[in-house]
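Engineer: Got a structure here, written out as C-alpha cells. Questions coming.
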Amino acid sequence: MTFWTEDWPRVLLPLPVVLPLFAAGLTLALARRPRAQRTISVTALSIVVAATTTTLVLTDRGTGTYSVDVGGWPARLGIPLVADRLSTLMLVVSSVVTLAVLLYSLAQGVADGEEGAPVSIYHPTYLVLSAGVSNAFLSGDLFNLYVGFEILLAASYILLTLGGTGPRVRAGTTYVVVSLLSSMVFLTAIALIYAATGTVNMAELSVRLRDVDPDVQLVLHLLLLVGFGIKAAVFPLSAWLPDSYPTAPAPVTAVFAGLLTKVGVYAVIRTETLLFPGGQASQLLLWVALATMVVGILGAVAQNDVKRLLSFTLVSHIGYMVFGIALGTAAGLSGAVFYVAHHITVQTTLFLVTGLVERYAGSTSLDALGSLAKRTPLLAVLFFVPAMNLAGIPPFSGFLGKLGLLQAGVDVGTWPAHVLVAGGVVTSLLTLYAIAKVWNRAFWQEPQAHPDRDDTTRFAGLATATRVGTRTPVGMVLPTAALVAVGVGLTFVAGPLFAIGDRSAQDLLDRTPYTSTVLHDRVPEVGR
C-alpha cells in the first residue's frame, strides 16, 4: 500500500512527457505506414489519459505534491518535474482533449479518402505538441518551462500551416513572429532572474526573490507577465490570436484554442502565487482582466464568421481566469482553476462543432449559413449545449464557474473588485448575445442572399447533405459528442472539482508544500 500511495505518482509523473516524445519518434520512423502511425498515436495518448487521471487521484489523496528529479540530479542543480493538484488537473483535462481531437482528425483524414491523411508529419508533430504542453504543466524550473513552451510552439508552427495555403502561411507568419517575441521576453526575464538570484528553480526562487530589491522585483515581475500575457492572449497582447487561429484546420484550431492559451494562464498562476505573491504588479492584473473580458467580447459581437467570433470569445474568457488570479484570494484562485478546466473542454468542443458545420455547409460565414437546425438536428444539439455552457446558462459548469468568480470578487469588497464583477456580468450577457446571434442566423433562420453567388452554387453542398451521416463521418461526430458529454459532466462533478480547486488554491497560497517537496526539506507524509 505504501508503494502504491507514495511511489506510484513519481513513477507515472514523467509519462505525459516521455511517452508522447517516444511515440513521436516511432511515428516519424513509420511515416509511410499511416495505419501504424494512427495506432501508435491513439495508444500513446490513451495511456497518457490513464496515467494523468491516476496521478491526479493519488496526488489529491496523498500529500498533494510530488517531485521527480530528472536524471537523479538534485533539484537545486537539475530539472525537477513537479505534480501538484493544479498541474495534474491541467494534465488530465489537456490529455482528454488532445485524445478527442486526435480521434476527430483521424476520422476526418480517413473520410477524405487520403490513405496518408492526415499527412505523415501530422502524427509526430501532434505528439510533440502534447509532450510540450505536459512539460510546461509539470516543470519546476523556469528554463525548463521555457523549453516546454518552445517545444509546443515549434510543433504549433507546423500544425498551423498544414496544407500550405496562402491564408495559413500568412497566419502562421504572424503567429511565429508574435511567439518569438514572447519567447525573447521570457528568455530575457530568465537571464535577469538568474543574474539577480543565482537560480531558476521555482521553489528556490520563491525564497530568494524576497531578498531582491523591490524595484528589480517589479521589472522581473512585469517581464514575466508580458511574456506569459502574450502566450495567454490577454489584452492588449491578444491581437494576434483572432487572425491566426481561424485559418488552421478545424482539429488544429480546436486544440490550440483549448490548450495553448491555458498554458500561458497556468504560467501566470505560478508567477503570481509562487514567485511574486502580492507583488507590485498584481493590481495591474485586475484592470488587464477587465479589459480582456470587455474588449474580447465586443470583438466577438462584431464578427460575422463563426470561427472569428469564437476566437474573440476565447480572448474574452481568458479575462475571467485572470480575474480570479488577480484577486489573490483562495476563492478567486479556486474559481480560476475550475474555470480553466471548464473552458478548455467547452472551447475545444465549439471549434470541433464549427469544423463539422464547415464540412457540412462549406462555410462558417453567417451570411452563407442558415436552417441548420432543420437540416441537421444533431449538429444543432452538438452546438447548442456547449454554446449555452460557454454563455454561462444555469445549471451548466460555465454558470457555476462564473458564479464562483463573481462571488469571490464580491467577497473581496474593494471598488476595483466590484468593477470587475460588473464587467464579468456584462461580458456574460454579451457572450449570450453573440452565441444567440450564431444560433439564430446559422441554425434557425433561412440563409441570407449572398451577393457573390447564386442560390444553386451557395447550396450545392447542402443539397447533397440532408443529414449529418451523409458527409460527416461518425468518427468525427463521436469525439465531438464525447467532449459535449464531458462538458455537461463537469456540472455533475462540480462539487468535487471545486473541492480540488479549493485544495489547489490553499497549496498555491501556502507555497510550503511545493517548495519543501521540490527542495526535499522534509519527507512528504502519506495520506491525510
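Starting from 1 in every chain, residues are counted up; chains themselves are A, B, ... following the order of the C-alpha cells, and ligands are numbered from 1 as listed.
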Per DSSP on the backbone, what are the alpha helix (DSSP H) residues of region 207-303 of chain A, as a ChimeraX atom specification?

Structural biologist: /A:207-208,214-232,241-244,250-255,261-270,282-301

Engineer: Give me the residues within 6 Å of region 22-32 of chain A as a VMD selection string, counting only C-alpha atoms and dropping any in the same chain fewer than 2 places off.

Structural biologist: chain A and resid 19 to 20 37 120 124 127

Engineer: With distances taken over only C-alpha atoms, which residue among A:Leu21, A:Val315, A:Ala361, A:Ala239 lies nearest Ala131 (chain A)?

Structural biologist: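 Once distances to Ala131 (chain A) are computed over only C-alpha atoms, the minimum belongs to A:Leu21.
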
Engineer: Name all residues at most 9 Å from Leu223 (chain A) (count only C-alpha atoms; drop same-chain ones fewer than 4 positions away) and give them as a list in words.

Structural biologist: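 Those residues are Val185, Phe186, Thr188, Ala189, Leu218, Val219, Gly227 and Phe228 of chain A.
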
Engineer: With N, CA, C and O atoms retained, export the selected residues as an mmCIF file, in the first residue's frame.

Structural biologist:
data_model
loop_
_atom_site.group_PDB
_atom_site.id
_atom_site.type_symbol
_atom_site.label_atom_id
_atom_site.label_comp_id
_atom_site.auth_asym_id
_atom_site.auth_seq_id
_atom_site.Cartn_x
_atom_site.Cartn_y
_atom_site.Cartn_z
ATOM 1 N N VAL A 185 11.136 37.788 -24.714
ATOM 2 C CA VAL A 185 10.854 38.477 -23.455
ATOM 3 C C VAL A 185 11.020 37.508 -22.287
ATOM 4 O O VAL A 185 11.633 37.850 -21.257
ATOM 5 N N PHE A 186 10.483 36.310 -22.422
ATOM 6 C CA PHE A 186 10.585 35.298 -21.366
ATOM 7 C C PHE A 186 12.041 34.928 -21.111
ATOM 8 O O PHE A 186 12.494 34.842 -19.956
ATOM 9 N N THR A 188 14.710 36.698 -21.738
ATOM 10 C CA THR A 188 15.368 37.840 -21.097
ATOM 11 C C THR A 188 15.054 37.862 -19.603
ATOM 12 O O THR A 188 15.942 38.115 -18.766
ATOM 13 N N ALA A 189 13.801 37.619 -19.267
ATOM 14 C CA ALA A 189 13.413 37.580 -17.853
ATOM 15 C C ALA A 189 14.159 36.486 -17.105
ATOM 16 O O ALA A 189 14.611 36.695 -15.969
ATOM 17 N N LEU A 218 9.984 44.370 -9.404
ATOM 18 C CA LEU A 218 8.919 44.873 -10.270
ATOM 19 C C LEU A 218 9.258 44.670 -11.742
ATOM 20 O O LEU A 218 8.404 44.239 -12.532
ATOM 21 N N VAL A 219 10.501 44.940 -12.110
ATOM 22 C CA VAL A 219 10.921 44.751 -13.502
ATOM 23 C C VAL A 219 10.820 43.283 -13.897
ATOM 24 O O VAL A 219 10.289 42.935 -14.975
ATOM 25 N N GLY A 227 5.626 38.356 -21.070
ATOM 26 C CA GLY A 227 5.897 37.140 -21.831
ATOM 27 C C GLY A 227 4.758 36.150 -21.765
ATOM 28 O O GLY A 227 4.322 35.607 -22.786
ATOM 29 N N PHE A 228 4.251 35.912 -20.564
ATOM 30 C CA PHE A 228 3.142 34.973 -20.408
ATOM 31 C C PHE A 228 1.833 35.573 -20.917
ATOM 32 O O PHE A 228 0.946 34.844 -21.373
#

Engineer: With only C-alpha atoms as the counted atoms, please give the residues lying no more than 7 Å from region 478-485 of chain A, apart from itself and same-chain residues fewer than 4 positions off, as a compact mmCIF listing (two decimals) with N, CA and C atoms, in the first residue's frame.

Structural biologist:
# COMPACT_ATOMS: atom_id res chain seq x y z
N ALA A 100 -9.26 13.33 -27.80
CA ALA A 100 -10.51 13.51 -28.54
C ALA A 100 -10.26 14.21 -29.88
N LEU A 103 -8.66 11.77 -32.38
CA LEU A 103 -9.65 10.86 -32.98
C LEU A 103 -10.48 11.58 -34.04
N TYR A 104 -10.85 12.80 -33.76
CA TYR A 104 -11.61 13.62 -34.72
C TYR A 104 -10.81 13.81 -36.01
N THR A 345 -12.38 22.47 -22.08
CA THR A 345 -13.30 21.48 -22.65
C THR A 345 -14.31 22.12 -23.57
N THR A 349 -14.60 22.00 -27.78
CA THR A 349 -15.81 21.39 -28.35
C THR A 349 -16.44 22.29 -29.38
N LEU A 352 -14.58 22.22 -32.61
CA LEU A 352 -14.82 20.96 -33.33
C LEU A 352 -16.18 20.98 -34.01
N VAL A 353 -17.20 21.47 -33.31
CA VAL A 353 -18.53 21.57 -33.91
C VAL A 353 -18.50 22.51 -35.10
N LEU A 382 -25.28 19.48 -30.89
CA LEU A 382 -23.87 19.50 -30.54
C LEU A 382 -23.36 20.92 -30.35
N PRO A 386 -22.77 23.08 -25.73
CA PRO A 386 -21.57 23.80 -25.28
C PRO A 386 -21.69 25.32 -25.41
N VAL A 474 -19.08 9.36 -38.81
CA VAL A 474 -19.40 9.09 -37.41
C VAL A 474 -18.16 9.27 -36.54
N GLY A 489 -20.84 16.82 -18.09
CA GLY A 489 -20.45 16.07 -16.90
C GLY A 489 -19.76 16.92 -15.85

Engineer: Neighbouring residues of region 254-259 of chain A were defined as those with any atom within 10 Å, considering only C-alpha atoms; residues of the same chain fewer than 3 positions away were excluded. Please report them as a PyMOL selection string.

Structural biologist: chain A and resi 90+93-95+97-102+126+129-130+133+156+159-160+232+241+245-246+248-251+262-265+310-311+314-315+340-355

Engineer: Pick the closest to Asn201 (chain A) from A:Tyr360, A:Phe143, A:Tyr175, A:Trp444: which is it, counting only C-alpha atoms?

Structural biologist: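 Residue with the minimum atom-to-atom distance to Asn201 (chain A): A:Phe143.
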
Engineer: Quick one: distance from CA of Val128 (chain A) to CA of Leu153 (chain A) in Å, one decimal?

Structural biologist: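 Rounded to one decimal, the two atoms are 9.8 Å apart.
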
Engineer: Which residue, A:Ile193, A:Val322, A:Ala442, A:Val178, has the smallest gap to Leu366 (chain A) when you use only C-alpha atoms?

Structural biologist: A:Ala442

Engineer: Let me make sure I understand: among A:Ser206, A:Thr53, A:Tyr157, A:Thr517, which one has the smallest atom-to-atom distance to Val177 (chain A) if we use only C-alpha atoms?

Structural biologist: A:Tyr157

Engineer: Considering only C-alpha atoms, return as number ranges by chain whatever protein or nucleic-acid residues lie within 12 Å of Phe323 (chain A), sequence-local ones (same chain, fewer than 6 positions apart) excluded.

Structural biologist: A: 234, 265, 268-269, 282-293, 316-317, 329, 331-337, 339-340, 401-402, 404-409, 416-424

Engineer: Just give me the gap between CA of Val17 (chain A) and CA of Gly148 (chain A) in Å, one decimal is fine.

Structural biologist: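 Separation of CA of Val17 (chain A) and CA of Gly148 (chain A): 9.7 Å.
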
Engineer: Please measure the separation of CA of Thr376 (chain A) and CA of Val357 (chain A), giving the value in Å to one decimal.

Structural biologist: 9.6 Å

Engineer: Ranking A:Leu91, A:Ala434, A:Leu220, A:Leu519 by minimum distance to Ser134 (chain A) and counting only C-alpha atoms, which one comes first?

Structural biologist: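 Of all the options, A:Leu91 lies closest to Ser134 (chain A).
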
Engineer: For a quick check of understanding, using only C-alpha atoms, which of A:Val412, A:Val385, A:Ala436, A:Val200 has the smallest distance to Val306 (chain A)?

Structural biologist: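 That would be A:Ala436, the residue with the smallest distance to Val306 (chain A).
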